[in-house]
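Undergrad: Structure file final_21.pdb (PDB, C-alpha atoms) right here:
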ATOM      1  CA  MET A   1      84.419  95.760  79.124
ATOM      2  CA  SER A   2      80.653  95.367  79.447
ATOM      3  CA  LYS A   3      78.442  98.178  80.722
ATOM      4  CA  ALA A   4      77.556  96.035  83.730
ATOM      5  CA  ILE A   5      81.189  95.624  84.770
ATOM      6  CA  SER A   6      81.871  99.315  84.145
ATOM      7  CA  LEU A   7      78.966 100.228  86.443
ATOM      8  CA  LEU A   8      80.190  97.838  89.135
ATOM      9  CA  LEU A   9      83.673  99.330  89.024
ATOM     10  CA  ALA A  10      82.231 102.822  89.285
ATOM     11  CA  LEU A  11      80.244 101.772  92.341
ATOM     12  CA  ALA A  12      83.331 100.201  93.864
ATOM     13  CA  GLY A  13      84.921 103.565  94.436
ATOM     14  CA  ALA A  14      81.995 104.658  96.563
ATOM     15  CA  LEU A  15      81.888 101.399  98.467
ATOM     16  CA  VAL A  16      85.537 101.201  99.497
ATOM     17  CA  THR A  17      86.461 104.850  99.963
ATOM     18  CA  LEU A  18      87.770 105.311 103.487
ATOM     19  CA  PRO A  19      89.004 108.346 105.382
ATOM     20  CA  ALA A  20      92.725 108.783 104.848
ATOM     21  CA  ALA A  21      94.697 107.935 107.948
ATOM     22  CA  ALA A  22      98.461 107.882 108.261
ATOM     23  CA  GLY A  23      99.485 104.864 110.287
ATOM     24  CA  ASP A  24     102.506 104.621 112.560
ATOM     25  CA  VAL A  25     104.795 101.724 111.633
ATOM     26  CA  ALA A  26     106.441 101.486 115.067
ATOM     27  CA  ALA A  27     103.068 101.499 116.816
ATOM     28  CA  GLY A  28     101.790  98.907 114.368
ATOM     29  CA  GLN A  29     104.701  96.611 115.156
ATOM     30  CA  LYS A  30     103.735  96.620 118.830
ATOM     31  CA  LYS A  31     100.070  96.034 118.039
ATOM     32  CA  ALA A  32     100.819  93.149 115.665
ATOM     33  CA  ALA A  33     101.228  90.702 118.555
ATOM     34  CA  MET A  34      97.633  89.550 117.993
ATOM     35  CA  CYS A  35      98.425  88.795 114.338
ATOM     36  CA  ILE A  36     101.667  86.865 114.783
ATOM     37  CA  GLY A  37     100.083  83.600 115.919
ATOM     38  CA  CYS A  38      98.570  83.046 112.464
ATOM     39  CA  HIS A  39     100.150  85.410 109.935
ATOM     40  CA  GLY A  40     103.693  85.229 111.308
ATOM     41  CA  ILE A  41     104.122  81.454 111.010
ATOM     42  CA  ALA A  42     105.211  80.000 107.668
ATOM     43  CA  GLY A  43     102.810  77.305 106.493
ATOM     44  CA  TYR A  44     100.253  77.964 109.230
ATOM     45  CA  GLN A  45      96.808  76.638 108.324
ATOM     46  CA  ALA A  46      93.369  77.653 109.476
ATOM     47  CA  SER A  47      90.651  75.028 109.847
ATOM     48  CA  PHE A  48      87.556  77.199 109.293
ATOM     49  CA  PRO A  49      85.517  77.060 107.132
ATOM     50  CA  GLU A  50      87.917  74.451 105.724
ATOM     51  CA  ILE A  51      91.636  73.777 106.013
ATOM     52  CA  HIS A  52      93.660  76.411 104.153
ATOM     53  CA  LYS A  53      96.749  78.538 104.654
ATOM     54  CA  VAL A  54      96.098  81.890 106.271
ATOM     55  CA  PRO A  55      96.729  84.780 103.884
ATOM     56  CA  MET A  56     100.096  86.435 103.536
ATOM     57  CA  ILE A  57      99.785  90.043 104.699
ATOM     58  CA  SER A  58     103.402  91.244 104.863
ATOM     59  CA  GLY A  59     103.806  93.476 101.812
ATOM     60  CA  GLN A  60     100.054  93.983 101.382
ATOM     61  CA  ASN A  61      98.626  97.472 100.787
ATOM     62  CA  ALA A  62      98.045  99.367 104.031
ATOM     63  CA  LYS A  63      94.720 100.730 102.811
ATOM     64  CA  TYR A  64      93.510  97.253 101.939
ATOM     65  CA  ILE A  65      94.405  95.935 105.386
ATOM     66  CA  VAL A  66      92.408  98.790 106.900
ATOM     67  CA  ALA A  67      89.494  98.124 104.531
ATOM     68  CA  ALA A  68      89.488  94.394 105.359
ATOM     69  CA  LEU A  69      89.672  94.953 109.119
ATOM     70  CA  THR A  70      86.892  97.539 108.889
ATOM     71  CA  ALA A  71      84.725  95.054 106.995
ATOM     72  CA  TYR A  72      85.297  92.426 109.696
ATOM     73  CA  LYS A  73      84.454  94.939 112.422
ATOM     74  CA  LYS A  74      81.217  95.926 110.665
ATOM     75  CA  GLY A  75      80.273  92.303 110.077
ATOM     76  CA  GLU A  76      80.494  92.619 106.299
ATOM     77  CA  ARG A  77      83.085  89.848 106.530
ATOM     78  CA  LYS A  78      81.780  87.137 108.807
ATOM     79  CA  HIS A  79      84.783  85.037 109.834
ATOM     80  CA  PRO A  80      84.220  84.674 113.605
ATOM     81  CA  THR A  81      87.874  84.885 114.691
ATOM     82  CA  MET A  82      88.688  87.898 112.545
ATOM     83  CA  ARG A  83      85.451  89.620 113.537
ATOM     84  CA  GLY A  84      86.330  89.178 117.200
ATOM     85  CA  LEU A  85      89.817  90.605 116.736
ATOM     86  CA  ALA A  86      88.685  93.511 114.559
ATOM     87  CA  ALA A  87      85.942  94.471 117.020
ATOM     88  CA  SER A  88      88.620  95.460 119.532
ATOM     89  CA  LEU A  89      90.499  97.722 117.107
ATOM     90  CA  SER A  90      90.141 101.471 116.757
ATOM     91  CA  ASP A  91      90.607 103.269 113.431
ATOM     92  CA  GLU A  92      94.069 104.275 114.651
ATOM     93  CA  ASP A  93      94.933 100.656 115.483
ATOM     94  CA  MET A  94      93.924  99.545 111.998
ATOM     95  CA  ALA A  95      95.933 102.311 110.343
ATOM     96  CA  ASP A  96      99.002 101.426 112.410
ATOM     97  CA  LEU A  97      98.724  97.732 111.565
ATOM     98  CA  GLY A  98      98.284  98.544 107.891
ATOM     99  CA  ALA A  99     101.344 100.777 107.863
ATOM    100  CA  PHE A 100     103.426  98.119 109.602
ATOM    101  CA  TYR A 101     102.455  95.213 107.372
ATOM    102  CA  GLU A 102     102.782  97.204 104.149
ATOM    103  CA  GLN A 103     106.490  97.648 104.798
ATOM    104  CA  HIS A 104     107.047  94.468 106.822
ATOM    105  CA  GLY A 105     109.737  92.307 105.303
ATOM    106  CA  ALA A 106     110.209  94.696 102.392
ATOM    107  CA  SER A 107     113.925  93.956 102.351
ATOM    108  CA  SER A 108     113.177  90.320 101.485
ATOM    109  CA  VAL A 109     111.044  91.190  98.452
ATOM    110  CA  LYS A 110     112.808  90.683  95.141
ATOM    111  CA  THR A 111     112.280  93.035  92.239
ATOM    112  CA  VAL A 112     108.976  91.787  90.932
ATOM    113  CA  ALA A 113     109.057  94.056  87.897
ATOM    114  CA  ALA A 114     112.090  92.189  86.584
ATOM    115  CA  THR A 115     110.369  88.815  86.880
ATOM    116  CA  THR A 116     108.394  87.553  83.911
ATOM    117  CA  PRO A 117     105.127  86.032  85.115
ATOM    118  CA  ARG A 118     104.020  82.650  83.789
ATOM    119  CA  GLU A 119     101.382  82.965  81.098
ATOM    120  CA  PRO A 120      98.018  81.411  81.954
ATOM    121  CA  SER A 121      96.482  78.660  79.888
ATOM    122  CA  ALA A 122      93.984  79.803  77.280
ATOM    123  CA  ALA A 123      91.137  78.600  79.496
ATOM    124  CA  VAL A 124      92.346  80.484  82.587
ATOM    125  CA  ALA A 125      93.132  83.597  80.539
ATOM    126  CA  ALA A 126      89.545  83.585  79.311
ATOM    127  CA  LEU A 127      88.249  83.311  82.882
ATOM    128  CA  LEU A 128      90.402  86.205  84.104
ATOM    129  CA  THR A 129      89.258  88.301  81.171
ATOM    130  CA  ARG A 130      85.610  87.473  81.826
ATOM    131  CA  GLY A 131      86.035  88.537  85.430
ATOM    132  CA  ALA A 132      87.922  91.710  84.455
ATOM    133  CA  CYS A 133      90.294  90.873  87.326
ATOM    134  CA  ALA A 134      93.151  93.088  86.129
ATOM    135  CA  SER A 135      90.776  96.076  86.019
ATOM    136  CA  CYS A 136      91.030  96.301  89.804
ATOM    137  CA  HIS A 137      94.058  94.226  90.795
ATOM    138  CA  GLY A 138      96.316  95.855  88.201
ATOM    139  CA  ALA A 139      99.391  94.818  86.284
ATOM    140  CA  ASN A 140     100.315  91.191  86.960
ATOM    141  CA  TYR A 141      97.702  91.315  89.763
ATOM    142  CA  ASN A 142     100.334  92.922  91.997
ATOM    143  CA  GLN A 143      99.646  96.615  91.364
ATOM    144  CA  PRO A 144      96.009  97.364  92.275
ATOM    145  CA  ILE A 145      94.486 100.486  90.766
ATOM    146  CA  ASP A 146      93.548 101.633  94.269
ATOM    147  CA  GLY A 147      95.179 100.886  97.606
ATOM    148  CA  THR A 148      91.929  99.523  99.005
ATOM    149  CA  TYR A 149      92.120  96.613  96.559
ATOM    150  CA  PRO A 150      94.450  93.753  97.508
ATOM    151  CA  LYS A 151      97.546  92.472  95.812
ATOM    152  CA  ILE A 152      96.730  88.866  94.935
ATOM    153  CA  ALA A 153      99.744  87.711  92.918
ATOM    154  CA  GLY A 154     101.535  84.925  94.757
ATOM    155  CA  GLN A 155      98.893  84.657  97.479
ATOM    156  CA  HIS A 156      98.186  81.132  98.740
ATOM    157  CA  ALA A 157      95.983  79.306  96.230
ATOM    158  CA  ASP A 158      93.825  77.606  98.834
ATOM    159  CA  TYR A 159      93.191  80.900 100.637
ATOM    160  CA  LEU A 160      92.284  82.654  97.375
ATOM    161  CA  ASN A 161      89.865  79.856  96.560
ATOM    162  CA  VAL A 162      88.158  80.058  99.969
ATOM    163  CA  ALA A 163      88.036  83.859  99.818
ATOM    164  CA  LEU A 164      86.530  83.920  96.331
ATOM    165  CA  ARG A 165      83.829  81.424  97.253
ATOM    166  CA  SER A 166      82.981  83.410 100.387
ATOM    167  CA  TYR A 167      81.815  86.336  98.242
ATOM    168  CA  ALA A 168      79.113  84.104  96.775
ATOM    169  CA  THR A 169      77.958  82.757 100.146
ATOM    170  CA  GLU A 170      74.686  84.188 101.411
ATOM    171  CA  GLY A 171      72.534  83.587 104.469
ATOM    172  CA  ASN A 172      75.300  82.074 106.597
ATOM    173  CA  PRO A 173      76.025  83.923 109.875
ATOM    174  CA  ASN A 174      79.633  82.714 110.056
ATOM    175  CA  ILE A 175      80.778  82.548 106.439
ATOM    176  CA  GLY A 176      80.595  85.134 103.691
ATOM    177  CA  ARG A 177      81.735  88.540 102.542
ATOM    178  CA  ALA A 178      79.271  91.272 101.623
ATOM    179  CA  ASN A 179      80.808  93.088  98.668
ATOM    180  CA  ALA A 180      78.604  94.012  95.710
ATOM    181  CA  ILE A 181      81.480  94.074  93.229
ATOM    182  CA  MET A 182      83.102  90.769  94.130
ATOM    183  CA  GLY A 183      79.773  89.090  94.759
ATOM    184  CA  ALA A 184      78.572  89.855  91.239
ATOM    185  CA  GLN A 185      81.857  88.770  89.699
ATOM    186  CA  VAL A 186      82.243  85.500  91.579
ATOM    187  CA  LYS A 187      78.702  84.266  90.950
ATOM    188  CA  GLN A 188      79.359  83.954  87.225
ATOM    189  CA  PHE A 189      81.938  81.191  87.807
ATOM    190  CA  THR A 190      81.731  77.553  88.851
ATOM    191  CA  ARG A 191      83.757  76.308  91.815
ATOM    192  CA  ALA A 192      86.145  74.575  89.440
ATOM    193  CA  GLU A 193      86.700  77.825  87.534
ATOM    194  CA  LEU A 194      87.364  79.771  90.736
ATOM    195  CA  LYS A 195      89.912  77.162  91.787
ATOM    196  CA  ALA A 196      91.612  77.313  88.384
ATOM    197  CA  MET A 197      92.012  81.085  88.672
ATOM    198  CA  ALA A 198      93.237  80.856  92.267
ATOM    199  CA  ASP A 199      95.784  78.188  91.344
ATOM    200  CA  TYR A 200      97.184  80.372  88.557
ATOM    201  CA  LEU A 201      97.299  83.605  90.553
ATOM    202  CA  ALA A 202      99.246  81.827  93.293
ATOM    203  CA  THR A 203     102.072  81.090  90.828
ATOM    204  CA  LEU A 204     102.692  84.737  89.961
ATOM    205  CA  PRO A 205     105.578  86.748  91.414
ATOM    206  CA  GLY A 206     104.394  89.341  93.912
ATOM    207  CA  ASP A 207     105.194  91.386  97.000
ATOM    208  CA  LEU A 208     103.351  89.209  99.514
ATOM    209  CA  ARG A 209     105.404  87.268 102.026
ATOM    210  CA  VAL A 210     105.176  85.314 105.265
ATOM    211  CA  VAL A 211     107.796  86.904 107.498
ATOM    212  CA  PRO A 212     108.243  84.871 110.704
ATOM    213  CA  GLN A 213     107.881  86.960 113.831
ATOM    214  CA  PRO A 214     108.810  86.060 117.404
ATOM    215  CA  ARG A 215     105.943  86.089 119.877
ATOM    216  CA  PHE A 216     108.135  87.746 122.487
ATOM    217  CA  ARG A 217     110.329  90.715 121.696
TER     218      ARG A 217
END
Turn the structure described in the file into structure tokens.

TA:
Amino acid sequence: MSKAISLLLALAGALVTLPAAAGDVAAGQKKAAMCIGCHGIAGYQASFPEIHKVPMISGQNAKYIVAALTAYKKGERKHPTMRGLAASLSDEDMADLGAFYEQHGASSVKTVAATTPREPSAAVAALLTRGACASCHGANYNQPIDGTYPKIAGQHADYLNVALRSYATEGNPNIGRANAIMGAQVKQFTRAELKAMADYLATLPGDLRVVPQPRFR
């Protein structure tokens, strides 16, 4: 790994470290009503900044969900809808939602460890190596080295593509994600290369799921 990437990874720890907070799963279930309309509907698509499936969050790391919501609340992630929702959340709300979604639908998750992931093409393997993606997202991109990093194996390809490109977007008040690590990594790739990586990562077995939820309980 290059010295530049090593330095970026070292800085990442300082950038994403958050106070530890134990969330309440039952409380998170009640608070998830605001999330159901998008994340609880199989195949649901967002239309901004382009049409793509909303990300799967059931089975995602609790700490990552908290980190993402915090970034939206601070304006480091600029998606207008998510910023508006996150602005109304307290630290306790975020911790509760993270705890709920980390375990949500766990009974429907198959044993990923027993599933052999599809090998990438030589071209895609070279891209993933250049980006040092496994250095943060872990084995098979489903076991991040830190809970504040997301699981990305099996995530929707079109969402991954939009998310990756957003890290390279600058100067737009409604689109973009301010993250020094991901920004530096993404800018070394073309759009076609980012799409190729996203398409491959979406084929991998992982813990992420869309678990339909009723609006009224």

Undergrad: Which one is closest to A:Gly75: A:His137, A:Arg177, A:Lys151, A:Arg118? Count all atoms listed in the file.

TA: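 Distance minimum relative to A:Gly75 lands on A:Arg177.
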
Undergrad: How would you write, as a list in words, the residues chosen by the PyMOL selection byres ((chain A and resi 87) around 10) on this structure?

TA: Leu69, Thr70, Tyr72, Lys73, Lys74, Gly75, Met82, Arg83, Gly84, Leu85, Ala86, Ser88, Leu89 and Ser90 of chain A

Undergrad: Okay, now the selection with C-alpha atoms, as an mmCIF file, keeping the file's coordinate frame?

TA:
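This is the output file out25.cif:
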data_model
loop_
_atom_site.group_PDB
_atom_site.id
_atom_site.type_symbol
_atom_site.label_atom_id
_atom_site.label_comp_id
_atom_site.auth_asym_id
_atom_site.auth_seq_id
_atom_site.Cartn_x
_atom_site.Cartn_y
_atom_site.Cartn_z
ATOM 1 C CA LEU A 69 89.672 94.953 109.119
ATOM 2 C CA THR A 70 86.892 97.539 108.889
ATOM 3 C CA TYR A 72 85.297 92.426 109.696
ATOM 4 C CA LYS A 73 84.454 94.939 112.422
ATOM 5 C CA LYS A 74 81.217 95.926 110.665
ATOM 6 C CA GLY A 75 80.273 92.303 110.077
ATOM 7 C CA MET A 82 88.688 87.898 112.545
ATOM 8 C CA ARG A 83 85.451 89.620 113.537
ATOM 9 C CA GLY A 84 86.330 89.178 117.200
ATOM 10 C CA LEU A 85 89.817 90.605 116.736
ATOM 11 C CA ALA A 86 88.685 93.511 114.559
ATOM 12 C CA SER A 88 88.620 95.460 119.532
ATOM 13 C CA LEU A 89 90.499 97.722 117.107
ATOM 14 C CA SER A 90 90.141 101.471 116.757
#

Undergrad: Need the shell around A:Ser135: protein/DNA/RNA residues with any atom at most 9 Å away, counting only C-alpha atoms. Skip same-chain ones fewer than 3 positions apart. Format as an mmCIF file with C-alpha atoms, keeping the file's coordinate frame?

TA:
data_model
loop_
_atom_site.group_PDB
_atom_site.id
_atom_site.type_symbol
_atom_site.label_atom_id
_atom_site.label_comp_id
_atom_site.auth_asym_id
_atom_site.auth_seq_id
_atom_site.Cartn_x
_atom_site.Cartn_y
_atom_site.Cartn_z
ATOM 1 C CA LEU A 9 83.673 99.330 89.024
ATOM 2 C CA GLY A 131 86.035 88.537 85.430
ATOM 3 C CA ALA A 132 87.922 91.710 84.455
ATOM 4 C CA GLY A 138 96.316 95.855 88.201
ATOM 5 C CA ALA A 139 99.391 94.818 86.284
ATOM 6 C CA PRO A 144 96.009 97.364 92.275
ATOM 7 C CA ILE A 145 94.486 100.486 90.766
#

Undergrad: Hey, which of A:Ala62, A:Val25, A:Val54, A:Leu194 ends up closest to A:Tyr149? Count all atoms listed in the file.

TA: A:Ala62

Undergrad: Using only C-alpha atoms, find the one residue out of A:Met94, A:Ala22, A:Val124, A:Leu164 that sits nearest to A:Lys187.

TA: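 Answer, going by the shortest atom-to-atom distance: A:Leu164.
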
Undergrad: Determine, counting only C-alpha atoms, which protein, DNA and RNA residues have an atom within 6 Å of an atom of stretch 39-52 of chain A; residues of the same chain fewer than 5 positions away are not included. Present the result as a list of chain:residue names.

TA: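 Here the answer would be A:Asp158, A:Tyr159, A:Val210, A:Val211, A:Pro212, A:Gln213.
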
Undergrad: Would you please work out which residue, of A:Ile65, A:Ile181, A:Leu97, A:Leu128, is nearest to A:Ala196 when using all atoms listed in the file?

TA: A:Leu128
